[in-house]
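All remarks here apply to the structure that follows.
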Amino acid sequence: MPFYDLYCPECDEEFNILASISEKSGKRIFCPECGSVELKTVYKGAPAYLKNTKMPECPNRHICGAECRH
């Protein structure tokens, strides 16, 4: 079961809940504050990691997989 970030426009509550896909699509998730089922999905961006091209490569990358961040 996935976690959902949801927002209730009735009471301005934002919350996170573990629920099945059928519970969400069937409007069987209730706002913990007011009990409304008219919830909106909150989309949050995932953090982005960019490779720093100015750092030299790890001389032991064959051992650490270049994850050591020397």
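Just so we're on the same page: first chain in the structure tokens is A, next is B, and so on; residues restart at 1 for each chain, and ligands are numbered from 1 in the order they show up.
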
Exercise for review: Using only C-alpha atoms, determine which residues lie at most 10 Å from segment 13-28 of chain A, disregarding the query and same-chain residues fewer than 4 positions distant; provide the list as a PyMOL selection string.
Suggested key: chain A and resi 1-9+32-34+36-42

Since we have the selection now, will you write its residues out, keeping all heavy atoms, as a compact mmCIF listing (two decimals), in the first residue's frame?
# COMPACT_ATOMS: atom_id res chain seq x y z
N MET A 1 0.85 -1.19 0.00
CA MET A 1 0.00 0.00 0.00
C MET A 1 0.89 1.24 0.00
O MET A 1 1.84 1.32 0.76
CB MET A 1 -0.90 0.01 1.23
CG MET A 1 -2.10 -0.89 1.11
SD MET A 1 -3.37 -0.57 2.34
CE MET A 1 -2.60 -1.14 3.81
N PRO A 2 0.55 2.20 -0.81
CA PRO A 2 1.35 3.43 -0.88
C PRO A 2 0.91 4.47 0.17
O PRO A 2 -0.18 4.41 0.71
CB PRO A 2 1.06 3.95 -2.28
CG PRO A 2 -0.28 3.42 -2.63
CD PRO A 2 -0.40 2.10 -1.91
N PHE A 3 1.82 5.39 0.43
CA PHE A 3 1.50 6.56 1.25
C PHE A 3 0.99 7.66 0.33
O PHE A 3 1.48 7.81 -0.79
CB PHE A 3 2.74 7.07 1.99
CG PHE A 3 3.04 6.30 3.24
CD1 PHE A 3 3.95 5.27 3.22
CD2 PHE A 3 2.41 6.62 4.43
CE1 PHE A 3 4.24 4.56 4.36
CE2 PHE A 3 2.69 5.92 5.58
CZ PHE A 3 3.61 4.88 5.55
N TYR A 4 0.03 8.42 0.80
CA TYR A 4 -0.52 9.55 0.04
C TYR A 4 -0.39 10.82 0.87
O TYR A 4 -0.65 10.81 2.07
CB TYR A 4 -2.00 9.34 -0.28
CG TYR A 4 -2.25 8.21 -1.23
CD1 TYR A 4 -2.70 6.98 -0.77
CD2 TYR A 4 -2.04 8.36 -2.60
CE1 TYR A 4 -2.93 5.93 -1.65
CE2 TYR A 4 -2.27 7.32 -3.48
CZ TYR A 4 -2.71 6.11 -3.00
OH TYR A 4 -2.94 5.08 -3.87
N ASP A 5 0.03 11.90 0.22
CA ASP A 5 -0.01 13.24 0.82
C ASP A 5 -1.31 13.84 0.33
O ASP A 5 -1.51 14.01 -0.87
CB ASP A 5 1.18 14.08 0.37
CG ASP A 5 2.48 13.57 0.96
OD1 ASP A 5 2.51 13.31 2.17
OD2 ASP A 5 3.46 13.44 0.21
N LEU A 6 -2.20 14.17 1.26
CA LEU A 6 -3.52 14.67 0.90
C LEU A 6 -3.80 16.00 1.57
O LEU A 6 -3.25 16.32 2.62
CB LEU A 6 -4.60 13.65 1.30
CG LEU A 6 -4.48 12.27 0.64
CD1 LEU A 6 -5.47 11.31 1.27
CD2 LEU A 6 -4.69 12.36 -0.85
N TYR A 7 -4.69 16.76 0.94
CA TYR A 7 -5.09 18.07 1.43
C TYR A 7 -6.61 18.13 1.47
O TYR A 7 -7.28 17.71 0.52
CB TYR A 7 -4.55 19.16 0.51
CG TYR A 7 -5.11 20.52 0.78
CD1 TYR A 7 -4.73 21.25 1.91
CD2 TYR A 7 -6.05 21.09 -0.07
CE1 TYR A 7 -5.25 22.49 2.16
CE2 TYR A 7 -6.58 22.33 0.18
CZ TYR A 7 -6.19 23.04 1.29
OH TYR A 7 -6.70 24.26 1.54
N CYS A 8 -7.16 18.64 2.55
CA CYS A 8 -8.60 18.81 2.68
C CYS A 8 -8.95 20.29 2.52
O CYS A 8 -8.60 21.11 3.38
CB CYS A 8 -9.08 18.31 4.05
SG CYS A 8 -10.85 18.55 4.31
N PRO A 9 -9.64 20.65 1.43
CA PRO A 9 -10.01 22.06 1.25
C PRO A 9 -11.10 22.53 2.21
O PRO A 9 -11.27 23.72 2.42
CB PRO A 9 -10.49 22.12 -0.20
CG PRO A 9 -10.73 20.73 -0.63
CD PRO A 9 -9.97 19.83 0.28
N PRO A 32 -8.65 13.50 8.84
CA PRO A 32 -8.60 13.26 10.28
C PRO A 32 -9.13 14.45 11.11
O PRO A 32 -9.49 14.28 12.26
CB PRO A 32 -7.12 13.02 10.56
CG PRO A 32 -6.41 13.66 9.43
CD PRO A 32 -7.32 13.58 8.25
N GLU A 33 -9.21 15.61 10.50
CA GLU A 33 -9.67 16.80 11.22
C GLU A 33 -11.18 16.97 11.15
O GLU A 33 -11.83 17.18 12.16
CB GLU A 33 -8.97 18.04 10.64
CG GLU A 33 -9.17 19.31 11.43
CD GLU A 33 -8.49 19.26 12.79
OE1 GLU A 33 -7.47 18.58 12.95
OE2 GLU A 33 -9.00 19.93 13.71
N CYS A 34 -11.76 16.88 9.93
CA CYS A 34 -13.18 17.18 9.79
C CYS A 34 -14.01 16.02 9.24
O CYS A 34 -15.23 16.09 9.22
CB CYS A 34 -13.39 18.41 8.91
SG CYS A 34 -13.02 18.13 7.15
N SER A 36 -14.14 14.90 6.10
CA SER A 36 -14.51 15.05 4.70
C SER A 36 -13.81 13.99 3.84
O SER A 36 -12.70 13.55 4.15
CB SER A 36 -14.12 16.45 4.21
OG SER A 36 -14.35 16.55 2.82
N VAL A 37 -14.46 13.58 2.75
CA VAL A 37 -13.85 12.66 1.79
C VAL A 37 -13.46 13.38 0.51
O VAL A 37 -12.91 12.78 -0.41
CB VAL A 37 -14.79 11.47 1.45
CG1 VAL A 37 -15.01 10.61 2.66
CG2 VAL A 37 -16.09 11.95 0.86
N GLU A 38 -13.71 14.67 0.43
CA GLU A 38 -13.37 15.48 -0.75
C GLU A 38 -11.93 15.96 -0.62
O GLU A 38 -11.66 17.13 -0.37
CB GLU A 38 -14.33 16.66 -0.89
CG GLU A 38 -15.77 16.25 -1.11
CD GLU A 38 -15.96 15.37 -2.34
OE1 GLU A 38 -15.31 15.63 -3.37
OE2 GLU A 38 -16.74 14.41 -2.25
N LEU A 39 -10.99 15.04 -0.79
CA LEU A 39 -9.58 15.33 -0.58
C LEU A 39 -8.85 15.51 -1.91
O LEU A 39 -9.22 14.92 -2.91
CB LEU A 39 -8.94 14.19 0.22
CG LEU A 39 -9.64 13.87 1.54
CD1 LEU A 39 -9.07 12.60 2.14
CD2 LEU A 39 -9.52 15.02 2.51
N LYS A 40 -7.82 16.30 -1.87
CA LYS A 40 -6.99 16.57 -3.05
C LYS A 40 -5.60 15.99 -2.80
O LYS A 40 -5.08 16.05 -1.70
CB LYS A 40 -6.86 18.08 -3.31
CG LYS A 40 -8.17 18.82 -3.42
CD LYS A 40 -8.87 18.46 -4.69
CE LYS A 40 -10.17 19.25 -4.78
NZ LYS A 40 -11.05 18.78 -5.79
N THR A 41 -5.00 15.44 -3.85
CA THR A 41 -3.65 14.91 -3.75
C THR A 41 -2.65 16.06 -3.77
O THR A 41 -2.76 16.98 -4.58
CB THR A 41 -3.35 13.96 -4.92
OG1 THR A 41 -4.32 12.90 -4.90
CG2 THR A 41 -1.97 13.35 -4.81
N VAL A 42 -1.68 16.00 -2.88
CA VAL A 42 -0.61 16.99 -2.82
C VAL A 42 0.60 16.38 -3.51
O VAL A 42 1.04 15.28 -3.15
CB VAL A 42 -0.25 17.35 -1.36
CG1 VAL A 42 0.92 18.31 -1.31
CG2 VAL A 42 -1.46 17.92 -0.65
